[in-house]
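Structure below is run.csv: CSV, C-alpha atoms.
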```
chain,number,residue,atom,x,y,z
F,269,ASP,CA,20.6,14.4,-14.4
F,270,ALA,CA,22.2,17.8,-14.0
F,271,GLY,CA,21.0,20.2,-11.2
F,272,ILE,CA,17.9,21.5,-12.9
F,273,THR,CA,14.6,22.2,-11.3
F,274,GLN,CA,11.3,23.4,-12.7
F,275,SER,CA,8.4,25.0,-11.0
F,276,PRO,CA,5.6,24.4,-10.8
F,277,ARG,CA,5.6,20.7,-11.7
F,278,HIS,CA,1.9,20.8,-12.4
F,279,LYS,CA,-0.5,23.6,-13.2
F,280,VAL,CA,-4.1,24.0,-14.3
F,281,THR,CA,-5.1,27.4,-15.5
F,282,GLU,CA,-7.9,29.1,-17.4
F,283,THR,CA,-7.8,30.3,-20.9
F,284,GLY,CA,-6.7,34.0,-21.1
F,285,THR,CA,-4.7,34.0,-17.9
F,286,PRO,CA,-0.9,34.7,-17.9
F,287,VAL,CA,1.3,31.8,-16.7
F,288,THR,CA,5.0,31.8,-15.8
F,289,LEU,CA,7.1,28.7,-15.6
F,290,ARG,CA,10.5,28.8,-13.9
F,291,CYS,CA,13.6,26.8,-14.7
F,292,HIS,CA,16.5,27.0,-12.2
F,293,GLN,CA,19.9,25.5,-12.6
F,294,THR,CA,22.8,25.1,-10.2
F,295,GLU,CA,25.4,24.1,-12.9
F,296,ASN,CA,26.3,27.6,-14.1
F,297,HIS,CA,25.7,26.5,-17.7
F,298,ARG,CA,25.5,29.2,-20.3
F,299,TYR,CA,22.8,27.8,-22.5
F,300,MET,CA,19.2,27.2,-21.4
F,301,TYR,CA,16.2,26.0,-23.5
F,302,TRP,CA,12.5,25.6,-23.2
F,303,TYR,CA,10.9,22.8,-25.1
F,304,ARG,CA,7.3,21.6,-25.3
F,305,GLN,CA,6.4,18.0,-25.8
F,306,ASP,CA,3.2,16.9,-27.5
F,307,PRO,CA,2.0,13.5,-28.8
F,308,GLY,CA,3.2,13.0,-32.4
F,309,HIS,CA,5.5,16.0,-32.3
F,310,GLY,CA,8.4,15.0,-30.1
F,311,LEU,CA,10.2,17.9,-28.4
F,312,ARG,CA,9.9,21.3,-30.1
F,313,LEU,CA,11.9,24.3,-29.1
F,314,ILE,CA,10.0,27.4,-27.9
F,315,HIS,CA,12.8,29.8,-26.9
F,316,TYR,CA,16.4,29.5,-25.8
F,317,SER,CA,19.1,31.6,-24.1
F,318,TYR,CA,22.8,31.8,-24.8
F,319,GLY,CA,23.6,34.1,-21.9
F,320,VAL,CA,22.1,36.6,-19.4
F,321,LYS,CA,19.6,38.8,-21.3
F,322,ASP,CA,20.5,37.0,-24.6
F,323,THR,CA,17.5,35.0,-25.9
F,324,ASP,CA,16.2,33.8,-29.2
F,325,LYS,CA,13.1,32.3,-30.7
F,326,GLY,CA,12.6,28.6,-31.5
F,327,GLU,CA,10.2,27.0,-33.9
F,328,VAL,CA,7.1,27.4,-31.8
F,329,SER,CA,7.6,30.7,-30.1
F,330,ASP,CA,4.2,32.4,-30.8
F,331,GLY,CA,2.4,33.2,-27.6
F,332,TYR,CA,5.4,32.7,-25.4
F,333,SER,CA,8.0,35.1,-24.0
F,334,VAL,CA,11.1,34.5,-22.0
F,335,SER,CA,13.5,36.3,-19.7
F,336,ARG,CA,16.9,35.5,-18.2
F,337,SER,CA,18.1,38.1,-15.7
F,338,LYS,CA,20.6,35.9,-14.1
F,339,THR,CA,22.5,32.8,-15.2
F,340,GLU,CA,20.6,30.3,-13.0
F,341,ASP,CA,17.0,31.2,-13.9
F,342,PHE,CA,15.2,31.1,-17.2
F,343,LEU,CA,11.5,32.1,-17.1
F,344,LEU,CA,8.9,31.1,-19.7
F,345,THR,CA,5.7,33.2,-19.8
F,346,LEU,CA,2.5,32.4,-21.6
F,347,GLU,CA,1.1,35.8,-22.1
F,348,SER,CA,-2.5,34.7,-22.5
F,349,ALA,CA,-2.9,31.0,-22.1
F,350,THR,CA,-4.8,29.1,-24.7
F,351,SER,CA,-5.9,25.4,-24.8
F,352,SER,CA,-3.4,24.7,-27.6
F,353,GLN,CA,-0.7,25.5,-25.0
F,354,THR,CA,-1.7,22.5,-22.9
F,355,SER,CA,1.5,20.5,-22.9
F,356,VAL,CA,4.4,19.2,-21.0
F,357,TYR,CA,7.2,21.8,-20.8
F,358,PHE,CA,10.8,20.8,-20.4
F,359,CYS,CA,13.7,23.0,-19.6
F,360,ALA,CA,17.2,22.0,-20.7
F,361,ILE,CA,20.7,23.3,-20.1
F,362,ARG,CA,24.0,22.9,-21.8
F,363,ASN,CA,27.5,23.9,-20.9
F,364,ILE,CA,28.8,25.0,-24.2
F,365,SER,CA,27.5,24.7,-27.8
F,366,GLY,CA,27.1,21.0,-27.8
F,367,THR,CA,30.7,20.0,-28.1
F,368,SER,CA,30.9,18.4,-24.7
F,369,GLY,CA,27.4,17.0,-24.4
F,370,LYS,CA,27.2,18.1,-20.9
F,371,GLY,CA,23.8,19.3,-19.7
F,372,GLY,CA,20.5,17.7,-19.2
F,373,PHE,CA,16.8,18.2,-18.8
F,374,GLY,CA,14.6,19.3,-15.9
F,375,PRO,CA,11.8,17.0,-14.7
F,376,GLY,CA,9.1,18.8,-16.7
F,377,THR,CA,6.0,20.9,-16.0
F,378,ARG,CA,2.6,19.6,-17.0
F,379,LEU,CA,0.4,22.5,-17.9
F,380,THR,CA,-3.3,22.2,-18.5
F,381,VAL,CA,-5.3,25.2,-19.9
F,382,THR,CA,-9.0,24.8,-19.5
P,14,GLY,CA,15.3,22.7,-43.8
P,15,ILE,CA,17.0,21.0,-40.9
P,16,GLN,CA,15.4,17.7,-40.1
P,17,VAL,CA,15.9,14.8,-37.8
P,18,GLU,CA,13.9,11.6,-38.6
P,19,GLN,CA,13.6,8.5,-36.5
P,20,SER,CA,12.5,5.0,-37.3
P,21,PRO,CA,10.5,3.0,-36.5
P,22,PRO,CA,8.0,5.2,-34.7
P,23,ASP,CA,6.8,2.3,-32.6
P,24,LEU,CA,8.5,-1.0,-31.6
P,25,ILE,CA,7.2,-3.9,-29.5
P,26,LEU,CA,9.8,-6.5,-28.3
P,27,GLN,CA,9.7,-9.6,-26.3
P,28,GLU,CA,12.0,-9.4,-23.4
P,29,GLY,CA,15.5,-10.7,-24.3
P,30,ALA,CA,15.2,-9.6,-28.0
P,31,ASN,CA,17.6,-7.2,-29.7
P,32,SER,CA,16.7,-4.0,-31.6
P,33,THR,CA,18.1,-1.3,-33.7
P,34,LEU,CA,16.7,2.3,-33.8
P,35,ARG,CA,17.7,4.6,-36.5
P,36,CYS,CA,18.1,8.4,-36.7
P,37,ASN,CA,18.7,10.2,-40.0
P,38,PHE,CA,19.7,13.8,-40.1
P,39,SER,CA,19.6,16.3,-43.0
P,40,ASP,CA,23.0,18.0,-42.7
P,41,SER,CA,26.4,17.6,-41.1
P,42,VAL,CA,26.3,17.8,-37.3
P,43,ASN,CA,28.5,19.1,-34.5
P,44,ASN,CA,26.7,16.9,-32.0
P,45,LEU,CA,24.4,13.9,-32.0
P,46,GLN,CA,22.8,12.7,-28.8
P,47,TRP,CA,20.4,9.9,-27.8
P,48,PHE,CA,18.0,10.3,-25.0
P,49,HIS,CA,15.6,7.9,-23.2
P,50,GLN,CA,12.3,9.1,-21.8
P,51,ASN,CA,11.1,6.7,-19.2
P,52,PRO,CA,7.4,6.0,-18.6
P,53,TRP,CA,7.5,8.6,-15.8
P,54,GLY,CA,8.5,11.3,-18.3
P,55,GLN,CA,12.1,11.8,-17.2
P,56,LEU,CA,14.6,12.5,-20.0
P,57,ILE,CA,17.9,10.8,-19.6
P,58,ASN,CA,21.1,11.3,-21.7
P,59,LEU,CA,22.3,8.0,-23.1
P,60,PHE,CA,25.0,8.9,-25.6
P,61,TYR,CA,26.8,11.9,-26.9
P,62,ILE,CA,28.1,10.6,-30.2
P,63,PRO,CA,28.8,13.0,-33.1
P,64,SER,CA,30.8,10.2,-34.8
P,65,GLY,CA,32.1,6.7,-34.1
P,66,THR,CA,30.8,4.0,-31.8
P,67,LYS,CA,30.2,3.9,-28.0
P,68,GLN,CA,28.9,1.3,-25.7
P,69,ASN,CA,27.3,1.4,-22.3
P,70,GLY,CA,26.3,-2.0,-21.0
P,71,ARG,CA,23.6,-3.4,-23.2
P,72,LEU,CA,23.3,-0.2,-25.2
P,73,SER,CA,25.6,0.9,-27.9
P,74,ALA,CA,25.4,3.7,-30.5
P,75,THR,CA,27.1,4.3,-33.8
P,76,THR,CA,27.1,7.5,-35.8
P,77,VAL,CA,28.2,7.6,-39.4
P,78,ALA,CA,28.5,11.3,-39.9
P,79,THR,CA,29.5,11.2,-43.6
P,80,GLU,CA,26.2,9.3,-44.3
P,81,ARG,CA,24.1,11.3,-41.9
P,82,TYR,CA,22.7,8.6,-39.7
P,83,SER,CA,23.0,7.2,-36.2
P,84,LEU,CA,22.0,3.8,-34.8
P,85,LEU,CA,21.1,2.9,-31.3
P,86,TYR,CA,21.4,-0.8,-30.5
P,87,ILE,CA,19.6,-2.4,-27.5
P,88,SER,CA,20.6,-6.0,-26.8
P,89,SER,CA,18.9,-8.4,-24.5
P,90,SER,CA,16.1,-6.0,-23.9
P,91,GLN,CA,14.4,-5.7,-20.5
P,92,THR,CA,11.0,-4.3,-19.5
P,93,THR,CA,12.9,-1.3,-18.0
P,94,ASP,CA,14.1,-0.3,-21.5
P,95,SER,CA,10.5,0.7,-22.3
P,96,GLY,CA,9.8,4.3,-23.1
P,97,VAL,CA,10.6,6.7,-25.9
P,98,TYR,CA,14.0,7.1,-27.4
P,99,PHE,CA,14.9,10.4,-29.0
P,100,CYS,CA,17.8,11.4,-31.0
P,101,ALA,CA,18.8,15.1,-31.3
P,102,ALA,CA,21.2,16.9,-33.5
P,103,LEU,CA,23.2,20.1,-33.1
P,104,PHE,CA,23.8,21.2,-36.6
P,105,SER,CA,26.1,24.2,-36.2
P,106,GLY,CA,27.4,27.0,-33.9
P,107,ASN,CA,25.0,28.1,-31.2
P,108,THR,CA,21.9,26.5,-32.7
P,109,PRO,CA,19.9,24.4,-30.2
P,110,LEU,CA,19.4,20.7,-30.4
P,111,VAL,CA,16.8,19.6,-33.0
P,112,PHE,CA,14.9,16.5,-31.9
P,113,GLY,CA,13.4,13.7,-33.9
P,114,LYS,CA,9.9,12.6,-33.0
P,115,GLY,CA,11.1,9.6,-31.2
P,116,THR,CA,10.7,5.8,-31.2
P,117,ARG,CA,8.3,4.4,-28.7
P,118,LEU,CA,9.6,1.1,-27.4
P,119,SER,CA,7.5,-1.4,-25.4
P,120,VAL,CA,9.3,-4.5,-24.0
P,121,ILE,CA,6.9,-7.2,-23.0
P,122,ALA,CA,7.8,-9.9,-20.4
```
Represent the structure from my file as structure tokens, please.
Amino acid sequence: DAGITQSPRHKVTETGTPVTLRCHQTENHRYMYWYRQDPGHGLRLIHYSYGVKDTDKGEVSDGYSVSRSKTEDFLLTLESATSSQTSVYFCAIRNISGTSGKGGFGPGTRLTVT
Amino acid sequence: GIQVEQSPPDLILQEGANSTLRCNFSDSVNNLQWFHQNPWGQLINLFYIPSGTKQNGRLSATTVATERYSLLYISSSQTTDSGVYFCAALFSGNTPLVFGKGTRLSVIA
């Protein structure tokens, strides 16, 4: 799909530690999103960004923060990781507000909190 | 509130069979997309279809916006079609895509 990378791809961390996931795009798309995927829940939105330094909360934002200091990077931080944050995290990008359908998903980051 | 519901939640097919997956959404949409998540976890765009019908090989999709549903048709299914199919709706303005919970498809040889 689109030029989107996520890092790390896999991470195991201990409860209480901070964790930062990175999403990097080469498409110069305005909109970037962080979703988490859990069995039985599909993909749920954590936070999204509609421009540099412009972010907003999604439906499951508690315990997460984001930053976007430049167009190509969108960082997701778990301030103090908990076991309930064990999940697969996907970053997505979109050119404009859905009208073209252009965009795509990154490969995902599998995070395990022990 | 805004909702996207998919049915059935699970589907098992014999190779070569046809299937229809359904997506209902609670309000008018600016955008409706179908995605396939393969067994390796990769999410692939299938269709961008806010209204009308589109076809791509053995797959086709129809959205009836006035009745708030979309259908994904898979014909002559193959084992490589296995995975989870998600629909996602953009309801207005700058709001993000809202996903359904997916239909897990297993195609058996």
Find the residues in chain F near chain P: any atom within 12 Å counts, using all atoms listed in the file. Write them as an MDAnalysis selection string. chainID F and resid 269:270 272 277 298:319 322:327 356:378
How many Å separate CA of Leu59 in chain P from CA of Val328 in chain F?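 Value for the CA of Leu59 in chain P-CA of Val328 in chain F distance: 26.1 Å.
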Skipping near chain neighbours, those fewer than 5 positions away, what residues fall within 9 Å of Asn37 in chain P using only C-alpha atoms, listed as an MDAnalysis selection string? chainID P and resid 16:20 80:84 113
List the spatial neighbours of Thr380 in chain F as a PyMOL selection string - criterion: any atom at most 12 Å away, all atoms listed in the file, same-chain residues fewer than 6 positions off excluded. chain F and resi 276-283+285+287+349-357
Distance cut-off 12 Å, centre (26.5, -3.8, -20.0) in file coordinates, counting only C-alpha atoms: which residues qualify? Return them as a ChimeraX atom specification. /P:67-73,87-90
Calculate how many Å separate CA of Ser337 in chain F from CA of Gln274 in chain F, rounding to one decimal.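 So the two atoms, CA of Ser337 in chain F and CA of Gln274 in chain F, lie 16.5 Å apart.
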By how many Å are CA of Leu118 in chain P and CA of Gly14 in chain P apart?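 Separating CA of Leu118 in chain P from CA of Gly14 in chain P is a distance of 27.7 Å.
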